[in-house]
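Dumped final-v7.csv below, it's CSV, C-alpha atoms:
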```csv
chain,number,residue,atom,x,y,z
A,391,MET,CA,64.8,108.4,114.3
A,392,LYS,CA,61.2,107.5,115.3
A,393,ILE,CA,60.5,103.8,115.4
A,394,SER,CA,57.0,103.7,116.7
A,395,SER,CA,54.3,105.8,118.4
A,396,PHE,CA,51.3,105.7,120.6
A,397,LYS,CA,48.4,108.1,120.9
A,398,THR,CA,47.1,109.3,124.3
A,399,ASN,CA,44.7,112.0,125.5
A,400,LEU,CA,47.7,114.0,126.6
A,401,GLY,CA,49.6,113.8,123.3
A,402,ASP,CA,51.5,111.4,121.2
A,403,ILE,CA,54.3,109.2,122.6
A,404,SER,CA,57.2,108.5,120.3
A,405,LEU,CA,59.8,105.7,120.5
A,406,ASN,CA,63.0,107.0,119.1
A,407,LEU,CA,66.5,105.5,118.3
A,408,GLU,CA,69.9,107.1,118.0
A,409,LEU,CA,72.7,105.0,116.5
A,410,ASN,CA,75.8,106.5,114.9
A,411,GLU,CA,76.1,104.0,112.1
A,412,GLU,CA,73.8,103.0,109.3
A,413,PHE,CA,71.1,100.5,110.0
A,414,ASP,CA,68.0,98.9,108.5
A,415,ILE,CA,64.6,98.5,110.1
A,416,ILE,CA,62.4,95.4,109.3
A,417,ASN,CA,58.8,95.0,110.5
A,418,ASN,CA,58.0,91.5,111.7
A,419,ASN,CA,55.2,89.7,113.5
A,420,LEU,CA,56.6,90.7,116.9
A,421,GLY,CA,57.5,94.3,116.2
A,422,TYR,CA,60.8,95.5,114.7
A,423,LEU,CA,64.2,94.1,113.8
A,424,ILE,CA,67.0,96.6,113.5
A,425,LEU,CA,70.3,95.4,111.9
A,426,SER,CA,73.6,97.2,111.5
A,427,ASN,CA,77.2,96.1,111.3
A,428,SER,CA,77.5,96.2,115.1
A,429,PHE,CA,74.0,95.4,116.5
A,430,LYS,CA,71.1,93.1,116.1
A,431,ILE,CA,68.2,94.8,117.9
A,432,GLU,CA,64.8,93.1,118.3
A,433,ILE,CA,61.9,95.3,119.6
A,434,ILE,CA,58.8,93.4,120.7
A,435,GLU,CA,55.7,95.6,120.7
A,436,PHE,CA,52.6,94.5,122.7
A,437,HIS,CA,49.4,95.7,124.3
A,438,ASP,CA,48.7,92.8,126.6
A,439,VAL,CA,49.0,94.5,130.0
A,440,LYS,CA,45.5,96.1,129.7
A,441,ASN,CA,44.1,92.6,129.0
A,442,TRP,CA,45.8,91.2,132.1
A,443,LEU,CA,44.2,93.9,134.2
A,444,ASP,CA,40.8,93.5,132.5
A,445,GLN,CA,40.8,89.8,133.5
A,446,LEU,CA,40.8,90.7,137.2
A,447,ASN,CA,37.1,90.0,137.5
A,448,LYS,CA,36.6,90.7,141.2
A,449,LYS,CA,34.9,94.0,142.0
A,450,GLU,CA,37.6,95.1,144.3
A,451,PHE,CA,40.1,95.0,141.4
A,452,ASP,CA,38.1,97.4,139.2
A,453,GLN,CA,40.1,100.3,140.4
A,454,PHE,CA,43.3,98.7,139.0
A,455,LYS,CA,42.1,98.5,135.4
A,456,VAL,CA,43.3,101.1,132.9
A,457,GLU,CA,42.2,102.6,129.6
A,458,SER,CA,45.0,101.5,127.3
A,459,THR,CA,48.5,100.2,127.4
A,460,ILE,CA,51.5,99.5,125.2
A,461,GLY,CA,54.9,98.0,125.9
A,462,TRP,CA,58.2,97.7,124.0
A,463,ILE,CA,60.8,95.0,124.9
A,464,PHE,CA,64.3,95.5,123.6
A,465,LYS,CA,66.7,92.6,123.0
A,466,ILE,CA,70.1,93.9,121.9
A,467,HIS,CA,73.0,91.7,120.7
A,468,LYS,CA,76.4,93.1,120.0
A,469,LEU,CA,78.1,91.8,116.9
A,470,ASN,CA,81.6,93.3,117.3
A,471,ASN,CA,83.7,95.5,119.7
A,472,GLN,CA,83.2,98.8,117.9
A,473,ASN,CA,82.5,101.7,120.3
A,474,LEU,CA,79.2,103.3,119.3
A,475,ILE,CA,76.4,105.5,120.7
A,476,LEU,CA,73.1,103.6,121.0
A,477,ASP,CA,70.3,105.5,122.8
A,478,PHE,CA,66.6,104.9,122.9
A,479,ASP,CA,64.0,107.3,124.3
A,480,CYS,CA,60.2,107.1,124.9
A,481,ILE,CA,58.8,110.6,125.1
A,482,LEU,CA,55.3,112.2,125.2
A,483,ASN,CA,54.8,115.4,123.3
A,484,PRO,CA,52.3,117.3,125.4
A,485,ASN,CA,49.2,118.7,123.6
A,486,SER,CA,48.4,121.3,126.2
A,487,PRO,CA,50.3,123.6,128.6
A,488,LYS,CA,48.1,122.0,131.3
A,489,VAL,CA,50.1,118.8,131.0
A,490,THR,CA,52.6,118.4,133.8
A,491,SER,CA,54.8,115.6,135.0
A,492,GLU,CA,56.8,114.3,138.0
A,493,PRO,CA,59.0,111.4,138.9
A,494,ASP,CA,57.0,108.5,140.3
A,495,THR,CA,59.5,105.8,141.4
A,496,GLY,CA,59.0,102.9,143.7
A,497,GLU,CA,60.5,99.6,144.6
A,498,HIS,CA,61.7,97.9,141.5
A,499,LEU,CA,60.2,100.7,139.3
A,500,ASP,CA,61.4,103.9,137.7
A,501,SER,CA,58.5,105.8,136.1
A,502,VAL,CA,57.1,109.2,135.2
A,503,TRP,CA,53.6,110.3,136.1
A,504,ILE,CA,52.0,112.7,133.5
A,505,ASP,CA,48.6,114.3,133.8
A,506,ASP,CA,46.4,117.3,132.9
A,507,GLU,CA,44.0,117.0,135.9
A,508,LYS,CA,41.7,114.9,133.7
A,509,ASN,CA,43.8,112.2,132.2
A,510,VAL,CA,47.0,110.4,133.3
A,511,VAL,CA,49.8,108.6,131.5
A,512,SER,CA,52.5,106.5,133.3
A,513,ILE,CA,55.7,105.5,131.6
A,514,GLY,CA,57.9,103.0,133.5
A,515,THR,CA,60.7,100.5,133.4
A,516,GLU,CA,62.8,98.4,135.8
A,517,ASP,CA,64.9,100.4,138.2
A,518,GLY,CA,68.7,100.1,138.8
A,519,GLU,CA,68.3,97.6,141.6
A,520,VAL,CA,66.4,95.1,139.3
A,521,MET,CA,69.0,95.6,136.6
A,522,LYS,CA,71.8,95.0,139.1
A,523,ARG,CA,70.2,91.7,140.1
A,524,ARG,CA,70.0,90.7,136.5
A,525,ALA,CA,73.6,91.6,136.0
A,526,ILE,CA,74.7,89.5,138.9
A,527,GLU,CA,72.8,86.6,137.4
A,528,ASN,CA,74.0,87.4,133.9
A,529,ASP,CA,70.4,87.6,132.9
A,530,TRP,CA,70.4,89.7,129.7
A,531,MET,CA,72.6,92.2,131.5
A,532,PRO,CA,76.4,91.8,131.3
A,533,ASN,CA,77.8,90.7,134.7
A,534,ARG,CA,80.6,93.2,134.5
A,535,LEU,CA,78.1,96.1,134.8
A,536,LYS,CA,76.8,95.0,138.2
A,537,ASP,CA,78.9,97.4,140.2
A,538,ASN,CA,77.6,100.4,138.2
A,539,LEU,CA,73.9,99.6,138.8
A,540,GLY,CA,71.6,99.9,141.8
A,541,ILE,CA,72.7,101.7,145.0
A,542,VAL,CA,76.3,102.8,144.5
A,543,LYS,CA,78.5,104.4,147.1
A,544,ILE,CA,80.3,107.5,145.9
A,545,LYS,CA,83.2,108.8,148.0
A,546,SER,CA,84.6,112.3,147.9
A,547,PHE,CA,87.1,114.3,149.9
A,548,LEU,CA,84.3,115.7,152.1
A,549,ASN,CA,81.7,113.0,152.4
A,550,THR,CA,80.2,109.7,151.2
A,551,LYS,CA,76.9,109.5,149.5
A,552,TYR,CA,74.7,106.8,148.0
A,553,VAL,CA,73.0,107.1,144.6
A,554,GLU,CA,70.9,104.8,142.5
A,555,LYS,CA,72.3,104.2,139.0
A,556,SER,CA,70.6,102.8,136.0
A,557,ILE,CA,71.0,102.7,132.3
A,558,THR,CA,67.7,104.6,132.0
A,559,ASP,CA,67.2,108.2,133.0
A,560,LEU,CA,63.9,109.9,133.9
A,561,LEU,CA,63.0,112.8,131.6
A,562,SER,CA,60.3,115.4,132.0
A,563,PHE,CA,57.9,113.5,129.8
A,564,GLY,CA,59.4,110.1,129.4
A,565,LEU,CA,62.5,107.9,129.6
A,566,LYS,CA,65.9,107.7,127.9
A,567,THR,CA,68.1,104.7,127.9
A,568,LYS,CA,71.8,105.0,127.1
A,569,VAL,CA,72.9,101.5,126.2
A,570,PRO,CA,76.4,101.0,127.8
A,571,GLN,CA,79.3,100.0,125.6
A,572,LEU,CA,79.0,96.3,124.8
A,573,PHE,CA,81.6,93.8,123.7
A,574,GLU,CA,81.1,91.3,120.9
A,575,GLY,CA,78.7,88.6,121.9
A,576,GLU,CA,77.1,90.5,124.9
A,577,ASN,CA,73.4,90.8,125.2
A,578,ILE,CA,71.3,93.4,127.0
A,579,TYR,CA,67.5,93.7,127.8
A,580,PHE,CA,65.3,96.5,128.9
A,581,HIS,CA,61.7,97.6,128.4
A,582,TYR,CA,59.3,100.5,128.4
A,583,LEU,CA,55.7,100.2,129.6
A,584,ILE,CA,53.0,102.8,129.1
A,585,ALA,CA,49.5,103.0,130.6
A,586,THR,CA,46.7,105.6,130.2
A,587,ASP,CA,43.6,106.3,132.2
A,588,LYS,CA,41.1,108.9,133.3
A,589,LEU,CA,42.4,110.6,136.5
A,590,LYS,CA,40.3,109.4,139.4
A,591,LYS,CA,40.6,109.5,143.2
A,592,ASN,CA,41.8,106.5,145.1
A,593,GLU,CA,38.9,104.8,146.9
A,594,ASP,CA,41.0,104.3,150.0
A,595,TYR,CA,42.6,107.7,150.2
A,596,PHE,CA,40.3,110.6,149.3
A,597,ASP,CA,43.1,113.1,148.8
A,598,GLU,CA,45.3,110.9,146.5
A,599,TYR,CA,44.9,109.7,143.0
A,600,GLY,CA,44.5,106.1,142.1
A,601,ILE,CA,47.5,103.9,141.3
A,602,ALA,CA,46.2,101.9,138.4
A,603,THR,CA,48.6,103.2,135.8
A,604,ASN,CA,51.5,102.9,138.3
A,605,LEU,CA,50.7,99.2,138.7
A,606,ALA,CA,50.3,98.7,134.9
A,607,VAL,CA,53.9,99.8,134.3
A,608,ASP,CA,55.4,97.9,137.2
A,609,TYR,CA,56.4,94.6,135.6
A,610,THR,CA,59.9,93.0,135.7
A,611,LYS,CA,61.5,91.2,132.8
A,612,SER,CA,60.8,87.8,134.4
A,613,VAL,CA,57.1,88.5,134.7
A,614,LEU,CA,56.7,90.0,131.2
A,615,ILE,CA,58.5,87.1,129.6
A,616,LYS,CA,56.3,84.5,131.4
A,617,LYS,CA,53.0,86.3,130.8
A,618,LEU,CA,53.8,87.0,127.1
A,619,ASN,CA,54.9,83.4,126.6
A,620,LEU,CA,58.4,84.4,125.4
A,621,LYS,CA,60.4,82.0,127.6
A,622,ASP,CA,61.7,80.1,124.6
A,623,TYR,CA,62.6,83.4,122.9
A,624,PHE,CA,65.1,84.2,125.6
```
As structure tokens:
Amino acid sequence: MKISSFKTNLGDISLNLELNEEFDIINNNLGYLILSNSFKIEIIEFHDVKNWLDQLNKKEFDQFKVESTIGWIFKIHKLNNQNLILDFDCILNPNSPKVTSEPDTGEHLDSVWIDDEKNVVSIGTEDGEVMKRRAIENDWMPNRLKDNLGIVKIKSFLNTKYVEKSITDLLSFGLKTKVPQLFEGENIYFHYLIATDKLKKNEDYFDEYGIATNLAVDYTKSVLIKKLNLKDYF
């Protein structure tokens, strides 16, 4: 079910929910409240990231400003021990065959870069390592999940390899979060950040594109909560 949407020059982005029990959606002053027998889900919608970047008033920071932004913060509280599917995704529907995408991950960031050689959209979230740190600190990520997040060692008969695990997967044109099974009273947080801009060359590297949209989606929970003045809300 579509919860919200955001228009870009590359197509509309939809925020979608899958929950296999009945639920109600209530609009409020922060965004959306979703209530079911098993979950209380609060979604905070905001456009503030562009304003933060616009306030960088030194000339050398102009290359880090973007055209538009939107963000969704998810606060999920489990009300019982029922085992249910709860998935969210944030996906762009391309408006042209020229629109292509690729993974664009970095330290603390999982994101997708989407462009049509004229415009760019970045969609990002915290990576598994940041989520692992929050699980260790029991910071809106259950402590019991810490061993299944971040860099995880996987042993097999033939070899040992290391993979990075997260609750969020990169899709061709967006992100999908499969909320892990929660017990009664547990809470979990994640967010999606989106930034759009005209595609432009990086001033420092002639053969590479600028990183403004990458930076605009590279915020952790702690920074967002502080800058949005939501400290008392958590």
Item to complete: Identify which of the residues A:Val439, A:Ser512, A:Pro487, A:Asp537 lies closest to A:Val613, counting only C-alpha atoms when measuring atom-to-atom distances.
Response: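 Answer, going by the shortest atom-to-atom distance: A:Val439.
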field: Proximity to A:Thr490 - best of A:Phe436, A:Phe563, A:Phe580, A:Phe464, all atoms listed in the file
entry: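 The closest residue to A:Thr490 is A:Phe563.
With all atoms listed in the file as the atoms that count, the residue of A:Glu411, A:Asp452, A:Asp506, A:Glu554 with the shortest distance to A:Ala602 is A:Asp452.
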- [ ] Would you list the contacts of A:Ile578 as a list in words, taking every protein, DNA or RNA residue within 10 Å and counting only C-alpha atoms, but skipping same-chain residues closer than 4 positions in sequence?
- [x]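 The neighbour list is Ile431, Phe464, Lys465, Ile466, His467, Lys468, Arg524, Ala525, Asn528, Asp529, Trp530, Met531, Pro532, Val569, Pro570 and Leu572 of chain A.
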Worksheet entry | From A:Ile513, A:Leu409, A:Glu527, A:Phe624, residue lying nearest A:Asp494 [only C-alpha atoms] |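 Of the candidates, the smallest distance to A:Asp494 is held by A:Ile513.
Among the candidates A:Gln453, A:Asn419, A:Ser395, A:Asn470, the one nearest to A:Phe573 when counting all atoms listed in the file is A:Asn470.
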_Contacts of A:Asp559 within 10 Å, all atoms listed in the file, excl. fewer than 6 positions in-chain, as a list of chain:residue names_ = A:Asp479, A:Asp500, A:Ser501, A:Asp517, A:Leu565, A:Lys566, A:Thr567, A:Lys568
Could you take the residues named above and write them with C-alpha atoms, as a PDB file, keeping the file's coordinate frame?
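So result-v5.pdb came out as:
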```pdb
ATOM      1  CA  ASP A 479      64.000 107.300 124.300  1.00  0.00           C
ATOM      2  CA  ASP A 500      61.400 103.900 137.700  1.00  0.00           C
ATOM      3  CA  SER A 501      58.500 105.800 136.100  1.00  0.00           C
ATOM      4  CA  ASP A 517      64.900 100.400 138.200  1.00  0.00           C
ATOM      5  CA  LEU A 565      62.500 107.900 129.600  1.00  0.00           C
ATOM      6  CA  LYS A 566      65.900 107.700 127.900  1.00  0.00           C
ATOM      7  CA  THR A 567      68.100 104.700 127.900  1.00  0.00           C
ATOM      8  CA  LYS A 568      71.800 105.000 127.100  1.00  0.00           C
TER       9      LYS A 568
END
```
